[in-house]
Amino acid sequence: MSIGKTHELHKRRFSRNVGVGLLLAAFIAIVFGMTVVKITSGEVGAALQGKGRVENGN
Amino acid sequence: MTDLSTNSSFSDTPPKDAGFADYFALLKPRVMTLVVFTALVGLLAAPVPVHPFLGFCAILFIAVGGGASGALNMWWDADIDQVMKRTARRPIPSGRVDSGEALAIGLVLSGFSCVFLALATNLLAGGLLAFTIFFYVVIYTMWLKRSTPQNIVIGGAAGAFPPMIGWAAATGQIGIESVLMFCLTFMWTPPHFWALALFMRNDYDDAGVPMLTVTHGRRSTRVHILVYTLLLAALAIGTGFTAIGGPVYLAVAVALNALFVKGAWDIWRRDEDASETDNFAAERKFFKLSLLYLFAHFGAILLEAGLARFGMGGWA
């Protein structure tokens, strides 16, 4: 059930809630970005492309 | 606040709810700019390239770690901050943020920043950030600040670690170059803060913080500023002949250190009457110059590193 009536508290804490929301969104974006970079570069990226197996002669 | 008697802003109207800006102020954003800039220079001056996104994340987590230590510092020092004019409007002494909230934010952000820096870069960088937070909060804030006039000298190490962390994030090592950047900030901190203590005279007296001005007197503080500035000048100019230096850095260092030594000399020559006559003009000028001094030195290191990418930087 959604909140139908806006309380004065909602107004007072609006900036705080917006800030926390934006921080959470940024956190998700950062974790996603880090995951993409780590997977597409370095050892994990090479392993996914099968380079590790070729180098090891398997 | 559980103890209303300690809340100087208490009146008939209850204190306003803390906004997002109040929580952000807990992280000491102005100090954060120094942390971000010196860490960025450490990261970019390193000879190992870092993926731009991971580099951005590393600087962000270092900044968050620095901010977390600022929040823990404000939590512990709320009683002192309430007494000092310079800090009385901070979120905790003004009653906008509860000290328990500051503690929680500081602890959570400390853990978050160290773990994510280690994940984004390497364990050494994460470990160094954890040690920096520990050093600033426990060694400096809880122990040295209220017990010894050498608080600024030893505690200054906390502010000097960021370029080392940036360097470690890129290379996974602690190189001599990053130690030199550490030393530069470490030696710069005492004259910077002692100049502040000279013109914010009553603040530290009222709060009972054993600054050099309080324990050894103002004449001795002026002598200390001159001695540390001379040592800093030798170090800063000497750094110009190392791997992170070069002609551009050396030119900047010579010019700024000449000005800085002149400023310290002026402070040393003055007595209290002369300072009070012009409202500590020389001390204020020296303090402002000290901010430019550090940013310009690290900016020059960054420029040398940038030029080196095109085969022009350094002495090679």
# chains A, B, ... in the order shown; residues from 1 in each chain; ligands from 1
call {"tool": "closest_atom_pairs", "arguments": {"of": "chain B", "to": "chain A", "cutoff": "7 Å", "atoms": "only C-alpha atoms", "output": "Markdown table"}}
result
| residue | atom | partner | partner_atom | distance |
| --- | --- | --- | --- | --- |
| B:Asp17 | CA | A:Arg12 | CA | 6.6 |
| B:Gly19 | CA | A:Arg16 | CA | 5.1 |
| B:Phe20 | CA | A:Arg16 | CA | 4.4 |
| B:Leu54 | CA | A:Met34 | CA | 6.8 |
| B:Ala120 | CA | A:Met34 | CA | 6.8 |
call {"tool": "residues_around", "arguments": {"residues": "His216 in chain B", "least_positions_apart": "4", "cutoff": "12 Å", "atoms": "only C-alpha atoms", "output": "list in words"}}
result
Thr148, Pro149, Gln150, Trp194, Pro210, Met211, Leu212, Ser220, Thr221, Arg222, Val223 and His224 of chain B
call {"tool": "atom_distance", "arguments": {"atom1": "CA of Ile59 in chain B", "atom2": "CA of Phe260 in chain B"}}
result
29.3 Å
call {"tool": "closest_residue", "arguments": {"among": "B:Thr171, B:Ser99, B:Ser290, B:Thr87", "to": "Leu123 in chain B", "atoms": "only C-alpha atoms"}}
result
B:Thr171
call {"tool": "select_by_dssp", "arguments": {"residues": "range 93-144 of chain B", "states": "helix (DSSP H, G or I)", "output": "number ranges by chain"}}
result
B: 99-120, 123-144
call {"tool": "write_last_selection", "arguments": {"atoms": "N, CA and C atoms", "output": "short mmCIF file (atom, residue, chain, number, x, y, z; two decimals), in the first residue's frame"}}
result
data_model
loop_
_atom_site.label_atom_id
_atom_site.label_comp_id
_atom_site.auth_asym_id
_atom_site.auth_seq_id
_atom_site.Cartn_x
_atom_site.Cartn_y
_atom_site.Cartn_z
N SER B 99 26.38 12.77 17.25
CA SER B 99 27.75 12.23 17.22
C SER B 99 27.75 10.74 16.91
N GLY B 100 26.70 10.02 17.34
CA GLY B 100 26.60 8.59 17.03
C GLY B 100 26.48 8.35 15.53
N GLU B 101 25.75 9.24 14.86
CA GLU B 101 25.62 9.12 13.40
C GLU B 101 26.98 9.32 12.73
N ALA B 102 27.73 10.31 13.22
CA ALA B 102 29.05 10.57 12.65
C ALA B 102 29.96 9.36 12.83
N LEU B 103 29.90 8.73 14.00
CA LEU B 103 30.70 7.54 14.26
C LEU B 103 30.32 6.41 13.29
N ALA B 104 29.02 6.21 13.13
CA ALA B 104 28.55 5.14 12.24
C ALA B 104 28.98 5.41 10.80
N ILE B 105 28.80 6.64 10.34
CA ILE B 105 29.18 6.99 8.97
C ILE B 105 30.69 6.80 8.78
N GLY B 106 31.46 7.26 9.77
CA GLY B 106 32.92 7.13 9.68
C GLY B 106 33.37 5.69 9.60
N LEU B 107 32.80 4.84 10.45
CA LEU B 107 33.20 3.42 10.47
C LEU B 107 32.81 2.70 9.19
N VAL B 108 31.56 2.95 8.76
CA VAL B 108 31.08 2.26 7.55
C VAL B 108 31.89 2.69 6.32
N LEU B 109 32.10 4.00 6.18
CA LEU B 109 32.85 4.48 5.02
C LEU B 109 34.31 4.04 5.07
N SER B 110 34.88 3.93 6.28
CA SER B 110 36.28 3.45 6.40
C SER B 110 36.39 2.03 5.86
N GLY B 111 35.53 1.16 6.34
CA GLY B 111 35.56 -0.23 5.89
C GLY B 111 35.29 -0.34 4.40
N PHE B 112 34.28 0.39 3.94
CA PHE B 112 33.91 0.37 2.52
C PHE B 112 35.08 0.81 1.64
N SER B 113 35.69 1.95 1.98
CA SER B 113 36.72 2.52 1.11
C SER B 113 37.95 1.60 1.03
N CYS B 114 38.36 1.02 2.16
CA CYS B 114 39.56 0.16 2.16
C CYS B 114 39.31 -1.12 1.36
N VAL B 115 38.17 -1.75 1.59
CA VAL B 115 37.87 -3.00 0.88
C VAL B 115 37.76 -2.75 -0.62
N PHE B 116 37.05 -1.68 -1.00
CA PHE B 116 36.86 -1.44 -2.43
C PHE B 116 38.12 -0.94 -3.12
N LEU B 117 38.98 -0.22 -2.38
CA LEU B 117 40.26 0.17 -2.99
C LEU B 117 41.11 -1.06 -3.27
N ALA B 118 41.10 -1.99 -2.30
CA ALA B 118 41.85 -3.23 -2.48
C ALA B 118 41.30 -4.03 -3.66
N LEU B 119 39.97 -4.06 -3.80
CA LEU B 119 39.35 -4.79 -4.91
C LEU B 119 39.65 -4.12 -6.26
N ALA B 120 39.61 -2.80 -6.27
CA ALA B 120 39.81 -2.07 -7.52
C ALA B 120 41.27 -2.11 -7.96
N LEU B 123 46.01 -5.10 -2.75
CA LEU B 123 45.93 -5.18 -1.28
C LEU B 123 46.81 -4.12 -0.60
N LEU B 124 47.98 -3.83 -1.21
CA LEU B 124 48.88 -2.86 -0.59
C LEU B 124 48.19 -1.49 -0.48
N ALA B 125 47.55 -1.07 -1.57
CA ALA B 125 46.87 0.24 -1.56
C ALA B 125 45.75 0.25 -0.52
N GLY B 126 44.95 -0.82 -0.48
CA GLY B 126 43.88 -0.90 0.51
C GLY B 126 44.42 -0.90 1.93
N GLY B 127 45.52 -1.63 2.14
CA GLY B 127 46.14 -1.70 3.46
C GLY B 127 46.72 -0.35 3.88
N LEU B 128 47.34 0.34 2.92
CA LEU B 128 47.89 1.67 3.23
C LEU B 128 46.78 2.66 3.60
N LEU B 129 45.66 2.56 2.90
CA LEU B 129 44.53 3.45 3.23
C LEU B 129 44.01 3.14 4.63
N ALA B 130 43.92 1.85 4.96
CA ALA B 130 43.46 1.47 6.30
C ALA B 130 44.41 2.01 7.36
N PHE B 131 45.72 1.90 7.09
CA PHE B 131 46.71 2.39 8.05
C PHE B 131 46.61 3.92 8.19
N THR B 132 46.37 4.60 7.08
CA THR B 132 46.25 6.07 7.11
C THR B 132 45.07 6.49 7.99
N ILE B 133 43.94 5.81 7.81
CA ILE B 133 42.75 6.13 8.62
C ILE B 133 43.05 5.86 10.10
N PHE B 134 43.69 4.71 10.37
CA PHE B 134 44.05 4.37 11.74
C PHE B 134 44.99 5.43 12.33
N PHE B 135 45.97 5.83 11.54
CA PHE B 135 46.96 6.79 12.01
C PHE B 135 46.29 8.13 12.34
N TYR B 136 45.42 8.59 11.44
CA TYR B 136 44.77 9.89 11.63
C TYR B 136 43.81 9.87 12.83
N VAL B 137 43.04 8.80 12.91
CA VAL B 137 41.99 8.76 13.95
C VAL B 137 42.57 8.38 15.32
N VAL B 138 43.33 7.29 15.35
CA VAL B 138 43.80 6.79 16.65
C VAL B 138 45.08 7.50 17.10
N ILE B 139 46.11 7.48 16.25
CA ILE B 139 47.40 8.05 16.66
C ILE B 139 47.32 9.57 16.81
N TYR B 140 46.75 10.24 15.79
CA TYR B 140 46.72 11.71 15.86
C TYR B 140 45.55 12.22 16.71
N THR B 141 44.31 11.90 16.28
CA THR B 141 43.14 12.51 16.94
C THR B 141 42.99 12.08 18.40
N MET B 142 43.06 10.75 18.64
CA MET B 142 42.78 10.28 20.00
C MET B 142 43.97 10.42 20.94
N TRP B 143 45.18 10.34 20.39
CA TRP B 143 46.34 10.29 21.27
C TRP B 143 47.17 11.59 21.23
N LEU B 144 47.78 11.88 20.08
CA LEU B 144 48.75 12.97 20.03
C LEU B 144 48.13 14.36 20.19
#
call {"tool": "residues_around", "arguments": {"residues": "Ala29 in chain A", "least_positions_apart": "6", "cutoff": "12 Å", "atoms": "only C-alpha atoms", "output": "list of chain:residue names"}}
result
A:Leu22, A:Leu23, A:Thr35, A:Val36, B:Phe53, B:Cys57
call {"tool": "atom_distance", "arguments": {"atom1": "CA of Ile28 in chain A", "atom2": "CA of Gly55 in chain B"}}
result
17.3 Å
call {"tool": "residues_around", "arguments": {"residues": "Ala308 in chain B", "least_positions_apart": "3", "cutoff": "12 Å", "atoms": "only C-alpha atoms", "output": "ChimeraX atom specification"}}
result
/B:44-47,243-248,301-305,311-316
call {"tool": "residues_around", "arguments": {"residues": "Thr38 in chain B", "least_positions_apart": "6", "cutoff": "12 Å", "atoms": "only C-alpha atoms", "output": "NGL selection string"}}
result
:B and (31-32 or 44-45 or 59 or 62-63 or 66 or 159-167 or 178 or 181-182 or 184-185 or 294-302)
call {"tool": "write_last_selection", "arguments": {"atoms": "C-alpha atoms", "output": "tab-separated table (two decimals), in the first residue's frame"}}
result
chain	number	residue	atom	x	y	z
B	31	VAL	CA	40.76	18.64	3.27
B	32	MET	CA	39.50	16.08	0.77
B	44	LEU	CA	49.56	9.50	-12.51
B	45	ALA	CA	53.26	10.03	-11.79
B	59	ILE	CA	40.90	8.20	-6.31
B	62	ILE	CA	40.92	7.26	-1.32
B	63	ALA	CA	38.75	10.40	-1.06
B	66	GLY	CA	39.95	10.48	3.82
B	159	GLY	CA	47.91	13.77	5.43
B	160	ALA	CA	51.12	12.77	3.66
B	161	PHE	CA	50.09	9.20	2.84
B	162	PRO	CA	47.66	9.83	-0.09
B	163	PRO	CA	50.34	10.20	-2.82
B	164	MET	CA	51.91	6.95	-1.54
B	165	ILE	CA	48.51	5.25	-1.76
B	166	GLY	CA	47.99	6.57	-5.30
B	167	TRP	CA	51.46	5.32	-6.29
B	178	SER	CA	56.36	7.99	-3.47
B	181	MET	CA	56.15	12.85	-2.15
B	182	PHE	CA	55.25	11.68	1.36
B	184	LEU	CA	57.22	16.77	0.94
B	185	THR	CA	53.74	16.86	2.49
B	294	LEU	CA	51.82	22.36	-1.98
B	295	PHE	CA	49.42	22.41	-4.94
B	296	ALA	CA	52.09	23.96	-7.19
B	297	HIS	CA	54.77	21.41	-6.20
B	298	PHE	CA	52.47	18.45	-6.84
B	299	GLY	CA	51.17	20.14	-9.99
B	300	ALA	CA	54.76	20.40	-11.23
B	301	ILE	CA	55.39	16.70	-10.46
B	302	LEU	CA	52.25	15.89	-12.46
call {"tool": "atom_distance", "arguments": {"atom1": "CA of Ala253 in chain B", "atom2": "CA of Ile237 in chain B"}}
result
5.6 Å
